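Data from data-v5.cif: mmCIF, C-alpha atoms and all ligand atoms
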data_model
#
loop_
_atom_site.label_atom_id
_atom_site.label_comp_id
_atom_site.auth_asym_id
_atom_site.auth_seq_id
_atom_site.Cartn_x
_atom_site.Cartn_y
_atom_site.Cartn_z
CA MET A 615 52.97 71.38 108.45
CA ARG A 616 53.11 73.91 111.24
CA TYR A 617 53.55 76.82 108.86
CA ALA A 618 51.06 78.42 106.50
CA LYS A 619 51.10 76.87 103.04
CA ILE A 620 53.81 78.32 100.81
CA PRO A 621 52.60 79.14 97.27
CA ASN A 622 54.07 76.39 95.05
CA LYS A 623 54.93 79.07 92.50
CA LEU A 624 58.05 79.66 94.64
CA PHE A 625 59.35 76.13 94.13
CA GLU A 626 58.50 76.28 90.41
CA LYS A 627 60.55 79.48 90.10
CA ASN A 628 63.40 77.88 92.02
CA ARG A 629 63.50 74.81 89.79
CA ASP A 630 63.44 77.01 86.70
CA LYS A 631 66.44 78.93 87.99
CA VAL A 632 68.47 75.74 88.37
CA LEU A 633 67.31 74.36 85.00
CA LYS A 634 68.43 77.60 83.32
CA LEU A 635 71.92 77.26 84.76
CA LEU A 636 72.42 73.63 83.78
CA PRO A 637 74.51 73.17 80.63
CA THR A 638 72.77 71.54 77.64
CA SER A 639 72.36 67.78 78.01
CA SER A 640 72.39 67.67 81.82
CA SER A 641 70.63 65.61 84.44
CA ALA A 642 70.81 66.56 88.11
CA VAL A 643 69.72 64.56 91.12
CA VAL A 644 69.02 65.92 94.60
CA PHE A 645 68.24 63.62 97.52
CA SER A 646 66.20 64.42 100.58
CA ASN A 647 68.13 64.28 103.85
CA PRO A 648 68.51 60.85 105.41
CA GLN A 649 66.98 60.26 108.82
CA MET A 650 69.89 60.85 111.18
CA PRO A 651 70.29 58.22 113.91
CA ARG A 652 70.09 59.54 117.46
CA ASN A 653 70.40 56.61 119.85
CA GLY A 654 68.68 53.28 120.33
CA ASP A 655 66.03 53.03 117.65
CA GLU A 656 65.47 56.80 117.58
CA PHE A 657 66.12 59.33 114.87
CA HIS A 658 66.75 63.04 115.35
CA THR A 659 63.77 65.23 114.52
CA TYR A 660 63.64 65.28 110.75
CA ARG A 661 65.01 68.32 108.96
CA GLN A 662 64.91 68.43 105.18
CA ASN A 663 68.02 69.05 103.10
CA SER A 664 67.90 72.79 102.37
CA ASP A 665 68.51 72.37 98.62
CA PHE A 666 65.80 69.73 98.38
CA PHE A 667 63.33 71.92 100.23
CA TYR A 668 64.28 74.92 98.08
CA LEU A 669 63.40 72.98 94.95
CA THR A 670 60.32 71.07 96.11
CA GLY A 671 58.90 72.28 99.42
CA ILE A 672 58.70 68.60 100.38
CA CYS A 673 59.70 67.74 103.96
CA GLN A 674 59.50 63.95 103.77
CA GLU A 675 62.39 61.50 103.96
CA LYS A 676 63.28 59.06 101.15
CA SER A 677 62.36 61.52 98.41
CA VAL A 678 64.41 62.27 95.29
CA LEU A 679 64.27 65.02 92.68
CA ILE A 680 65.65 64.85 89.16
CA LEU A 681 65.98 67.93 86.98
CA SER A 682 66.96 67.23 83.38
CA ASN A 683 67.05 69.12 80.10
CA THR A 684 67.55 66.04 77.93
CA GLY A 685 63.93 65.60 76.88
CA GLU A 686 60.38 66.94 76.99
CA GLN A 687 60.02 66.28 80.71
CA HIS A 688 62.23 68.43 82.96
CA GLU A 689 61.17 67.38 86.46
CA TYR A 690 60.76 64.06 88.24
CA LEU A 691 59.82 63.63 91.87
CA PHE A 692 60.11 60.28 93.66
CA LEU A 693 58.37 59.55 96.94
CA LEU A 694 58.24 56.58 99.27
CA GLU A 695 55.12 54.50 98.96
CA ALA A 696 52.53 55.35 101.60
CA LYS A 697 51.86 51.79 102.73
CA PRO A 698 49.25 51.26 105.49
CA GLU A 699 51.64 49.12 107.58
CA LEU A 700 54.16 52.01 107.65
CA GLU A 701 51.51 54.67 108.25
CA GLN A 702 50.10 52.67 111.16
CA TRP A 703 53.27 53.57 113.06
CA GLU A 704 54.50 56.80 111.54
CA GLY A 705 51.27 58.52 110.53
CA LYS A 706 50.16 59.61 107.10
CA LYS A 707 52.78 59.95 104.37
CA LEU A 708 52.38 62.25 101.37
CA GLN A 709 50.02 61.16 98.63
CA ASN A 710 50.98 62.21 95.09
CA VAL A 711 48.16 64.73 94.95
CA GLU A 712 49.39 66.39 98.16
CA ALA A 713 52.98 66.41 96.94
CA GLU A 714 51.78 68.02 93.72
CA ALA A 715 49.96 70.75 95.65
CA ILE A 716 53.06 71.47 97.73
CA SER A 717 55.67 71.36 94.97
CA GLY A 718 53.75 72.21 91.82
CA MET A 719 55.20 69.06 90.22
CA LYS A 720 52.99 66.71 88.23
CA ASN A 721 55.52 64.06 87.29
CA ILE A 722 55.57 62.00 90.49
CA PHE A 723 56.78 58.40 90.86
CA SER A 724 57.42 55.82 93.50
CA ILE A 725 60.98 55.75 94.84
CA SER A 726 61.22 52.15 93.56
CA GLN A 727 61.22 53.56 90.01
CA PHE A 728 64.12 55.93 90.61
CA ASN A 729 66.99 53.75 89.36
CA GLU A 730 65.28 52.86 86.13
CA ILE A 731 64.34 56.43 85.23
CA TRP A 732 67.67 57.89 86.35
CA ASN A 733 69.63 55.37 84.29
CA GLU A 734 67.57 56.22 81.20
CA LEU A 735 68.28 59.91 81.68
CA VAL A 736 71.99 59.26 82.24
CA GLN A 737 72.20 57.63 78.81
CA LYS A 738 70.93 60.86 77.23
CA SER A 739 73.13 63.20 79.32
CA ASP A 740 76.67 64.51 78.94
CA PHE A 741 76.66 66.23 82.33
CA LEU A 742 75.58 64.59 85.58
CA PHE A 743 75.04 66.72 88.66
CA TYR A 744 74.50 65.47 92.17
CA GLY A 745 73.28 67.56 95.09
CA LEU A 746 75.88 68.00 97.77
CA ASN A 747 75.99 70.16 100.87
CA ASN A 748 79.43 71.61 100.25
CA ASN A 749 79.30 74.18 103.03
CA PRO A 750 82.99 74.85 103.67
CA ARG A 751 82.31 75.24 107.39
CA LEU A 752 80.78 71.77 107.72
CA LYS A 753 83.31 69.41 109.21
CA THR A 754 82.10 65.82 109.41
CA ASP A 755 83.63 62.39 108.96
CA LEU A 756 80.23 60.92 108.12
CA LEU A 757 79.97 59.56 104.60
CA LEU A 758 76.61 61.04 103.68
CA PRO A 759 74.42 59.43 100.98
CA ASP A 760 74.66 62.32 98.49
CA LYS A 761 78.45 62.28 98.67
CA LEU A 762 78.47 58.51 98.22
CA PHE A 763 76.14 58.77 95.24
CA GLY A 764 78.41 61.38 93.64
CA GLN A 765 81.43 59.11 94.07
CA GLU A 766 79.55 56.19 92.55
CA LEU A 767 78.45 58.30 89.58
CA ALA A 768 82.02 59.39 88.88
CA GLU A 769 83.27 55.80 89.03
CA LYS A 770 80.47 54.35 86.96
CA TRP A 771 80.24 56.98 84.21
CA LYS A 772 83.82 57.80 83.30
CA ASN A 773 82.74 59.16 79.90
CA LYS A 774 80.45 61.78 81.49
CA ASP A 775 81.17 65.04 83.20
CA VAL A 776 80.16 64.42 86.83
CA GLN A 777 79.89 67.48 89.07
CA SER A 778 78.45 68.65 92.35
CA LEU A 779 75.44 70.91 92.00
CA ASP A 780 76.55 73.16 94.83
CA LYS A 781 77.85 76.11 92.75
CA ILE A 782 74.57 76.35 90.85
CA MET A 783 72.55 75.97 94.05
CA THR A 784 74.58 78.72 95.71
CA GLU A 785 73.99 81.07 92.79
CA CYS A 786 70.23 80.42 92.95
CA ARG A 787 69.81 80.51 96.72
CA LEU A 788 71.80 83.71 97.29
CA VAL A 789 69.08 86.11 96.11
CA LYS A 790 65.83 85.48 97.96
CA GLU A 791 62.41 85.70 96.35
CA PRO A 792 59.81 87.91 98.10
CA GLU A 793 58.08 84.76 99.42
CA GLU A 794 61.35 83.69 101.07
CA ILE A 795 61.92 87.13 102.59
CA ALA A 796 58.39 86.97 104.02
CA LEU A 797 59.28 83.67 105.73
CA ILE A 798 62.54 85.08 107.15
CA LYS A 799 60.55 88.07 108.37
CA LYS A 800 58.06 85.75 110.06
CA ALA A 801 60.94 83.87 111.72
CA SER A 802 62.36 87.24 112.85
CA ASP A 803 58.99 88.35 114.25
CA ILE A 804 58.73 85.16 116.33
CA THR A 805 62.29 85.78 117.55
CA ARG A 806 61.22 89.28 118.55
CA GLN A 807 58.33 87.92 120.56
CA ALA A 808 60.68 85.55 122.41
CA PHE A 809 62.90 88.52 123.32
CA PHE A 810 59.97 90.29 124.99
CA GLU A 811 58.88 87.12 126.80
CA ILE A 812 62.39 86.68 128.21
CA LEU A 813 62.94 90.27 129.26
CA PRO A 814 61.19 90.03 132.69
CA HIS A 815 63.14 86.83 133.45
CA ALA A 816 66.67 88.22 133.08
CA ILE A 817 67.11 88.19 136.84
CA GLY A 818 69.65 86.66 139.19
CA GLY A 819 68.93 83.13 140.42
CA LEU A 820 67.38 81.76 137.25
CA PHE A 821 69.37 79.35 135.11
CA GLU A 822 70.32 80.10 131.52
CA TYR A 823 68.37 77.04 130.38
CA GLU A 824 65.21 78.43 131.97
CA LEU A 825 65.46 81.31 129.53
CA GLU A 826 66.08 78.78 126.76
CA SER A 827 62.85 77.04 127.70
CA ILE A 828 60.92 80.33 127.40
CA MET A 829 62.44 80.82 123.95
CA THR A 830 61.62 77.28 122.85
CA SER A 831 58.08 77.55 124.12
CA CYS A 832 57.54 80.86 122.34
CA PHE A 833 58.97 79.51 119.08
CA ILE A 834 56.89 76.31 119.03
CA ARG A 835 53.73 78.10 120.18
CA ASN A 836 54.03 80.44 117.21
CA GLY A 837 54.43 77.79 114.54
CA ALA A 838 58.22 77.77 114.23
CA GLU A 839 59.92 74.37 114.02
CA GLY A 840 62.08 75.52 116.91
CA HIS A 841 65.55 77.05 116.99
CA ALA A 842 67.35 77.77 113.72
CA PHE A 843 70.58 76.88 115.60
CA SER A 844 71.56 75.92 119.13
CA PRO A 845 70.90 79.10 121.08
CA ILE A 846 73.73 80.76 123.00
CA ILE A 847 72.49 81.95 126.38
CA SER A 848 75.45 83.00 128.46
CA ASN A 849 76.11 85.22 131.42
CA GLY A 850 79.25 86.57 133.06
CA GLU A 851 82.51 85.17 131.74
CA ASN A 852 80.72 82.87 129.30
CA THR A 853 79.56 85.86 127.24
CA CYS A 854 83.14 85.90 125.92
CA TYR A 855 83.03 82.34 124.54
CA LEU A 856 81.62 82.72 121.06
CA HIS A 857 79.86 79.38 120.66
CA TYR A 858 79.00 78.58 124.29
CA ILE A 859 75.79 76.51 124.07
CA LYS A 860 75.74 74.62 127.38
CA ASN A 861 73.38 77.23 128.85
CA ASP A 862 73.69 75.60 132.27
CA GLN A 863 74.86 78.44 134.53
CA LYS A 864 72.90 80.47 137.04
CA LEU A 865 72.25 84.14 136.20
CA LYS A 866 73.91 86.54 138.59
CA ASP A 867 72.69 90.10 139.14
CA GLY A 868 75.24 92.54 137.78
CA ASN A 869 76.42 90.14 135.04
CA LEU A 870 75.82 90.66 131.38
CA LEU A 871 73.50 88.20 129.65
CA LEU A 872 74.26 87.51 125.99
CA MET A 873 71.62 85.73 123.90
CA ASP A 874 72.34 84.69 120.30
CA PHE A 875 69.16 83.06 119.10
CA GLY A 876 66.63 82.79 116.30
CA SER A 877 63.59 80.82 115.34
CA GLU A 878 63.30 78.68 112.24
CA TYR A 879 60.01 79.09 110.39
CA ALA A 880 59.14 76.93 107.38
CA ASN A 881 62.83 75.95 107.36
CA TYR A 882 63.92 79.60 107.09
CA ALA A 883 66.27 80.97 109.73
CA SER A 884 66.51 84.21 111.66
CA ASP A 885 69.52 85.26 113.67
CA CYS A 886 69.58 87.81 116.48
CA THR A 887 71.91 88.71 119.34
CA ARG A 888 71.05 90.94 122.27
CA VAL A 889 72.83 91.69 125.53
CA LEU A 890 70.92 92.49 128.72
CA PRO A 891 72.11 93.51 132.18
CA VAL A 892 71.03 90.77 134.61
CA GLY A 893 68.88 92.55 137.20
CA GLY A 894 68.08 95.44 134.88
CA LYS A 895 70.96 97.93 135.19
CA PHE A 896 74.24 98.10 133.25
CA SER A 897 77.32 99.06 135.26
CA THR A 898 79.22 102.14 134.01
CA LYS A 899 81.93 99.97 132.51
CA GLN A 900 79.46 97.57 130.89
CA LYS A 901 77.60 100.48 129.34
CA MET A 902 80.83 101.95 127.92
CA TYR A 903 81.58 98.66 126.19
CA TYR A 904 77.95 98.29 125.13
CA ASN A 905 77.85 101.73 123.56
CA ALA A 906 81.12 101.02 121.76
CA VAL A 907 79.61 97.96 120.04
CA TYR A 908 76.27 99.73 119.56
CA SER A 909 77.88 102.61 117.72
CA VAL A 910 79.86 100.22 115.49
CA PHE A 911 76.64 98.32 114.79
CA LYS A 912 74.75 101.45 113.73
CA GLU A 913 77.56 102.63 111.52
CA ILE A 914 78.27 99.32 109.82
CA ARG A 915 74.58 98.55 109.29
CA ASN A 916 74.44 101.61 107.03
CA PHE A 917 77.33 100.23 105.02
CA TYR A 918 75.32 97.32 103.58
CA ALA A 919 74.00 98.05 100.11
CA PRO A 920 74.18 96.64 96.60
CA GLU A 921 77.73 96.38 95.17
CA LYS A 922 79.32 96.06 98.63
CA THR A 923 80.77 92.78 99.94
CA ILE A 924 80.99 91.16 103.36
CA GLU A 925 84.76 91.29 102.94
CA ALA A 926 84.64 95.08 102.61
CA ALA A 927 82.27 95.34 105.58
CA GLN A 928 84.71 93.28 107.62
CA LYS A 929 87.57 95.70 106.88
CA GLU A 930 85.37 98.64 107.78
CA THR A 931 84.23 96.97 111.02
CA CYS A 932 87.78 96.22 112.11
CA LYS A 933 88.71 99.88 111.64
CA LEU A 934 85.71 101.01 113.69
CA ILE A 935 86.32 98.47 116.43
CA GLN A 936 89.98 99.44 116.61
CA GLU A 937 88.91 103.05 117.25
CA GLU A 938 86.52 101.94 119.98
CA LEU A 939 89.15 99.75 121.61
CA LEU A 940 91.51 102.73 121.66
CA SER A 941 88.81 104.83 123.38
CA LEU A 942 88.15 102.05 125.87
CA LYS A 943 91.93 101.96 126.45
CA LEU A 944 91.97 98.23 125.81
CA ILE A 945 94.65 98.73 123.16
CA SER A 946 97.13 101.52 122.55
CA LYS A 947 98.49 103.12 119.38
CA SER A 948 101.76 101.30 119.93
CA ASP A 949 99.90 97.95 120.11
CA ILE A 950 98.55 98.76 116.65
CA TYR A 951 101.95 99.62 115.18
CA ASN A 952 103.83 96.82 116.92
CA ARG A 953 101.30 94.19 116.00
CA GLY A 954 102.25 90.55 116.20
CA GLU A 955 100.93 87.83 113.94
CA LYS A 956 97.38 89.17 114.40
CA PRO A 957 96.29 92.80 114.52
CA ALA A 958 95.87 94.33 117.98
CA TYR A 959 92.04 94.38 117.85
CA TYR A 960 91.95 90.61 117.27
CA LYS A 961 92.29 89.87 120.98
CA TYR A 962 88.88 91.53 121.49
CA TYR A 963 87.17 90.96 118.13
CA MET A 964 87.95 87.75 116.27
CA HIS A 965 84.96 86.80 114.14
CA ASN A 966 83.26 87.80 110.92
CA ILE A 967 80.84 90.67 110.76
CA SER A 968 78.35 88.83 108.54
CA HIS A 969 77.10 85.64 107.00
CA PHE A 970 74.26 85.03 104.62
CA ILE A 971 70.95 83.85 106.11
CA GLY A 972 68.28 81.75 104.45
CA LEU A 973 67.38 78.08 104.66
CA ASP A 974 70.58 77.75 106.66
CA THR A 975 71.55 80.12 109.45
CA HIS A 976 75.00 80.26 107.88
CA ASP A 977 73.56 80.21 104.39
CA VAL A 978 75.37 79.60 101.11
CA GLY A 979 77.64 82.37 99.80
CA GLU A 980 81.18 83.49 100.48
CA LYS A 981 82.57 86.76 101.76
CA ASP A 982 83.53 88.09 98.33
CA VAL A 983 80.02 87.80 96.85
CA VAL A 984 78.90 91.20 95.53
CA LEU A 985 75.69 92.09 97.37
CA ARG A 986 72.47 92.40 95.38
CA PRO A 987 68.90 93.31 96.38
CA GLY A 988 67.15 90.30 97.92
CA MET A 989 70.21 88.91 99.67
CA VAL A 990 69.82 88.42 103.41
CA ILE A 991 72.73 88.77 105.82
CA SER A 992 73.55 89.14 109.46
CA CYS A 993 75.31 92.19 110.88
CA GLU A 994 77.05 91.30 114.14
CA PRO A 995 79.94 93.28 115.57
CA GLY A 996 81.23 92.41 119.03
CA ILE A 997 83.83 93.08 121.69
CA TYR A 998 84.93 90.37 124.12
CA ASP A 999 87.04 91.13 127.17
CA LEU A 1000 87.52 87.99 129.21
CA GLU A 1001 89.38 89.81 132.02
CA ASN A 1002 86.36 91.97 132.73
CA LYS A 1003 83.84 89.23 131.91
CA ILE A 1004 82.28 91.51 129.34
CA GLY A 1005 81.23 89.94 126.06
CA ILE A 1006 79.01 92.04 123.83
CA ARG A 1007 77.67 91.16 120.41
CA LEU A 1008 74.74 92.90 118.75
CA GLU A 1009 73.17 91.26 115.73
CA ASP A 1010 70.27 91.80 113.36
CA THR A 1011 69.10 90.09 110.18
CA LEU A 1012 69.17 92.49 107.20
CA VAL A 1013 67.72 92.34 103.69
CA ILE A 1014 69.69 94.11 100.96
CA THR A 1015 67.39 96.50 99.05
CA GLU A 1016 67.82 98.72 95.96
CA ASN A 1017 69.01 101.65 98.08
CA GLY A 1018 70.61 100.03 101.07
CA ASN A 1019 69.08 97.54 103.44
CA LEU A 1020 66.05 96.75 105.53
CA ASP A 1021 66.64 95.67 109.14
CA LEU A 1022 64.12 92.91 109.95
CA MET A 1023 64.93 93.25 113.66
CA GLU A 1024 64.81 96.98 114.05
CA SER A 1025 61.91 96.65 116.50
CA ILE A 1026 63.83 94.37 118.88
CA PRO A 1027 65.20 96.92 121.38
CA MET A 1028 68.94 97.48 121.22
CA ASN A 1029 69.34 100.97 122.69
CA PRO A 1030 70.75 100.42 126.22
CA GLU A 1031 68.56 103.12 127.82
CA GLU A 1032 65.47 101.60 126.27
CA ILE A 1033 66.49 98.15 127.50
CA GLU A 1034 67.00 99.43 131.04
CA SER A 1035 63.65 101.19 131.08
CA LEU A 1036 61.88 98.07 129.74
CA MET A 1037 63.50 96.01 132.50
CA LYS A 1038 62.36 98.34 135.32
MN MN A 1101 74.91 85.18 113.21
#
Rewritten as structure tokens:
Amino acid sequence: MRYAKIPNKLFEKNRDKVLKLLPTSSSAVVFSNPQMPRNGDEFHTYRQNSDFFYLTGICQEKSVLILSNTGEQHEYLFLLEAKPELEQWEGKKLQNVEAEAISGMKNIFSISQFNEIWNELVQKSDFLFYGLNNNPRLKTDLLLPDKLFGQELAEKWKNKDVQSLDKIMTECRLVKEPEEIALIKKASDITRQAFFEILPHAIGGLFEYELESIMTSCFIRNGAEGHAFSPIISNGENTCYLHYIKNDQKLKDGNLLLMDFGSEYANYASDCTRVLPVGGKFSTKQKMYYNAVYSVFKEIRNFYAPEKTIEAAQKETCKLIQEELLSLKLISKSDIYNRGEKPAYYKYYMHNISHFIGLDTHDVGEKDVVLRPGMVISCEPGIYDLENKIGIRLEDTLVITENGNLDLMESIPMNPEEIESLMK
């Protein structure tokens, strides 16, 4: 592990939360992520299934967790056998005693015993749950093993109630424990360091990917796994393309540089966006746009508090952005009244203000979830004007607190004057 050991109390708490939400006479199975093929005989760098990590802290492939309330024993962990002939090539695999220290689970078996134990538990259960990444934004044609297993369960056990575990997992993962917030803070601090390392390199002539390499180096050097998501490093016109990730253009003095990036530490994400003037000085027009987004950011950040929703924040943001667009003379009052299919602001602001952040950058939870202390969200207003090659988005990672929120990225400079003076 590259990260400091996480107290296994966290994973115990997490399992208890899920067990409490399971109806009487339930057994639930969660699989580790499969190794995803890359090309040739290579796999992509392994990343654990977020639900599996949340419940076990185990980052090894071919692992399975069962949670069941049908008998004395509530937890079963299955691991691949650490055979010398496998370890010769792949390095040491987890021993039971190590897996116990990580997860806090004592009831550990070989993966070869899974079918037998699962089938016994099924006999005693009325409800069967299978782990499934049901993120509504995930679009894939791949038939993933957890989905396949769920289909098989439903076909095989017609007399049982077979369900996906995702609603229960969402409910549990939405509110972060203090240990989780500490990990997101650590990821945010590493992201902050990368910002400062990049600052002197935001100069014409360098390529966007050279800045990416500084980021990557800073992340890895500080114990992060790497990027929580493919970083967006764009300058000029490309700042207006929301998910531009090619990062292959040359920086040009006088352009804006937009960086949407974040490190992933112990599988926890951070998410930050900053905009710099390439060469160190914003033009008058760029600064007008920048200040428009900056003032929306400051106002909407104060909106986040318990009982609010992302949906409500979105409405509020759109109102604020509309006002700014009127001041910038990008839209007129008559554009607002004579709107077409989309409101007038939509041409310049077309995305959501927030998403939840946790083990996934776009973490579980929908826009109508009522915010509670311990939830972690992004705040990211933007204005994109392709004609002027000005794309500005400003984004921090926030923790909802009893009285409002805590901005984990407050110390990453956002004030345009401060940015200019740092770049001198
Ligand atoms: Mn974001």
Exercise for review: Could you check which of A:Leu825, A:Leu636, A:Leu708, A:Ile817 is closest to Phe743 in chain A, using only C-alpha atoms?
Suggested key: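 Looking at the shortest contact to Phe743 in chain A, the residue is A:Leu636.
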Review point. Which is closer to ligand MN 1101 (chain A) than all the others in A:Leu700, A:Ile950, A:Leu1008, A:Cys854, using only C-alpha atoms and all ligand atoms?
Key: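 So, comparing all the options, the nearest one is A:Leu1008.
Each of A:Tyr617, A:Leu694, A:Lys707, A:Tyr744 was compared to Ile722 in chain A using all atoms listed in the file, and A:Leu694 turns out to be the nearest.
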Exercise for review: Take CA of Leu757 in chain A and CA of Ser646 in chain A and report the distance between them in Å, one decimal.
Suggested key: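 According to the coordinates, CA of Leu757 in chain A and CA of Ser646 in chain A are separated by 15.1 Å.
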Practice item. Write out as number ranges by chain which residues come within 9 Å of Phe896 in chain A when counting all atoms listed in the file, dropping same-chain ones fewer than 6 positions away. Key: A: 868-870, 890, 904, 1030, 1034
Practice item. Could you report the residues within 9 Å of ligand MN 1101 (chain A), using all atoms listed in the file, as an MDAnalysis selection string? Key: chainID A and resid 874:875 884:887 967:971 975:976 991:994 1009:1011
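Put simply, CA of Phe833 in chain A is 23.0 Å away from CA of Leu856 in chain A.
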Practice item. Rank nothing, just name the residue among A:Ile834, A:Val984, A:Ile798, A:Val892 nearest to Pro814 in chain A, using all atoms listed in the file. Key: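 When distances to Pro814 in chain A are compared using all atoms listed in the file, the smallest one comes from A:Val892.
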Exercise for review: Compare A:Ile1004, A:Ala642, A:Ala883, A:Ile924 by their minimum atom-to-atom distance to Met783 in chain A, counting all atoms listed in the file, and give me the closest one.
Suggested key: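 Of the candidates, the smallest distance to Met783 in chain A is held by A:Ala642.
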Exercise for review: Name all residues at most 8 Å from Leu872 in chain A (count all atoms listed in the file; drop same-chain ones fewer than 2 positions away) and give them as a list in words.
Suggested key: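 Final neighbour list, sorted by chain and number: Ile846, Ile847, Ser848, Asn849, Thr853, Leu870, Asp874, Thr887, Arg888, Val889, Leu890, Gly1005, Ile1006 and Arg1007 of chain A.
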**Study point:** Å distance separating CA of Leu788 in chain A from CA of Asn622 in chain A, one decimal place
**Key:**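 Atom-to-atom, CA of Leu788 in chain A to CA of Asn622 in chain A, that is 19.3 Å.
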Point to revise | range 935-942 of chain A surroundings by all atoms listed in the file, 9 Å radius, close-in-sequence under 3 positions cut, as a ChimeraX atom specification | key: /A:902-903,906-907,909-910,930-932,945-947,950,958-959,962-963,995-997
Residues at most 10 Å from Thr659 in chain A, counting all atoms listed in the file, excluding those fewer than 2 positions away in the same chain, as a PDB file with C-alpha atoms, keeping the file's coordinate frame?
ATOM      1  CA  GLN A 649      66.980  60.260 108.820  1.00  0.00           C
ATOM      2  CA  MET A 650      69.890  60.850 111.180  1.00  0.00           C
ATOM      3  CA  PRO A 651      70.290  58.220 113.910  1.00  0.00           C
ATOM      4  CA  ARG A 652      70.090  59.540 117.460  1.00  0.00           C
ATOM      5  CA  GLU A 656      65.470  56.800 117.580  1.00  0.00           C
ATOM      6  CA  PHE A 657      66.120  59.330 114.870  1.00  0.00           C
ATOM      7  CA  ARG A 661      65.010  68.320 108.960  1.00  0.00           C
ATOM      8  CA  GLN A 662      64.910  68.430 105.180  1.00  0.00           C
ATOM      9  CA  GLU A 839      59.920  74.370 114.020  1.00  0.00           C
TER      10      GLU A 839
END
Review point. Which residue gives the smallest distance to Tyr660 in chain A among A:Gly819, A:Asn881, A:Phe625, A:Pro698, with only C-alpha atoms counted?
Key: A:Asn881
Neighbours of point (68.6, 94.1, 144.8) within 10 Å, using only C-alpha atoms, written as a CSV table (one decimal) with C-alpha atoms, keeping the file's coordinate frame:
chain,number,residue,atom,x,y,z
A,818,GLY,CA,69.6,86.7,139.2
A,867,ASP,CA,72.7,90.1,139.1
A,868,GLY,CA,75.2,92.5,137.8
A,893,GLY,CA,68.9,92.6,137.2
Report, as lines of an AutoDock Vina configuration file, the centre and edge lengths in Å (one decimal) of the axis-aligned box enclosing every listed atom of range 853-870 of chain A, padded by 3 Å on each side.
center_x = 77.7
center_y = 83.6
center_z = 129.9
size_x = 16.9
size_y = 23.9
size_z = 24.5
Review point. Neighbours of Asp665 in chain A within 9 Å (only C-alpha atoms; same-chain residues fewer than 2 positions away dropped), as a PyMOL selection string?
Key: chain A and resi 644-646+662-663+667-670+745-747+780+783+787+973
Output: range 867-878 of chain A of the preceding structure, restricted to N, CA and C atoms, written as an mmCIF file, in the first residue's frame.
data_model
loop_
_atom_site.group_PDB
_atom_site.id
_atom_site.type_symbol
_atom_site.label_atom_id
_atom_site.label_comp_id
_atom_site.auth_asym_id
_atom_site.auth_seq_id
_atom_site.Cartn_x
_atom_site.Cartn_y
_atom_site.Cartn_z
ATOM 1 N N ASP A 867 1.047 32.042 -24.913
ATOM 2 C CA ASP A 867 0.927 33.212 -24.032
ATOM 3 C C ASP A 867 -0.313 34.017 -24.417
ATOM 4 N N GLY A 868 -1.032 34.453 -23.400
ATOM 5 C CA GLY A 868 -2.265 35.205 -23.649
ATOM 6 C C GLY A 868 -3.506 34.333 -23.613
ATOM 7 N N ASN A 869 -3.347 33.017 -23.760
ATOM 8 C CA ASN A 869 -4.490 32.097 -23.649
ATOM 9 C C ASN A 869 -4.834 31.864 -22.186
ATOM 10 N N LEU A 870 -6.046 31.383 -21.985
ATOM 11 C CA LEU A 870 -6.378 30.859 -20.661
ATOM 12 C C LEU A 870 -5.982 29.391 -20.603
ATOM 13 N N LEU A 871 -5.600 28.953 -19.411
ATOM 14 C CA LEU A 871 -5.288 27.538 -19.175
ATOM 15 C C LEU A 871 -6.261 27.033 -18.129
ATOM 16 N N LEU A 872 -7.082 26.041 -18.511
ATOM 17 C CA LEU A 872 -8.031 25.464 -17.552
ATOM 18 C C LEU A 872 -7.540 24.079 -17.147
ATOM 19 N N MET A 873 -7.451 23.861 -15.842
ATOM 20 C CA MET A 873 -7.016 22.543 -15.339
ATOM 21 C C MET A 873 -8.062 22.005 -14.374
ATOM 22 N N ASP A 874 -8.662 20.878 -14.745
ATOM 23 C CA ASP A 874 -9.636 20.181 -13.888
ATOM 24 C C ASP A 874 -8.958 18.887 -13.503
ATOM 25 N N PHE A 875 -8.567 18.776 -12.249
ATOM 26 C CA PHE A 875 -7.677 17.681 -11.853
ATOM 27 C C PHE A 875 -7.859 17.345 -10.379
ATOM 28 N N GLY A 876 -7.350 16.181 -9.990
ATOM 29 C CA GLY A 876 -7.434 15.802 -8.584
ATOM 30 C C GLY A 876 -6.726 14.488 -8.355
ATOM 31 N N SER A 877 -6.066 14.388 -7.228
ATOM 32 C CA SER A 877 -5.381 13.130 -6.939
ATOM 33 C C SER A 877 -6.342 12.154 -6.278
ATOM 34 N N GLU A 878 -5.988 10.884 -6.361
ATOM 35 C CA GLU A 878 -6.741 9.838 -5.669
ATOM 36 C C GLU A 878 -5.832 9.234 -4.610
#
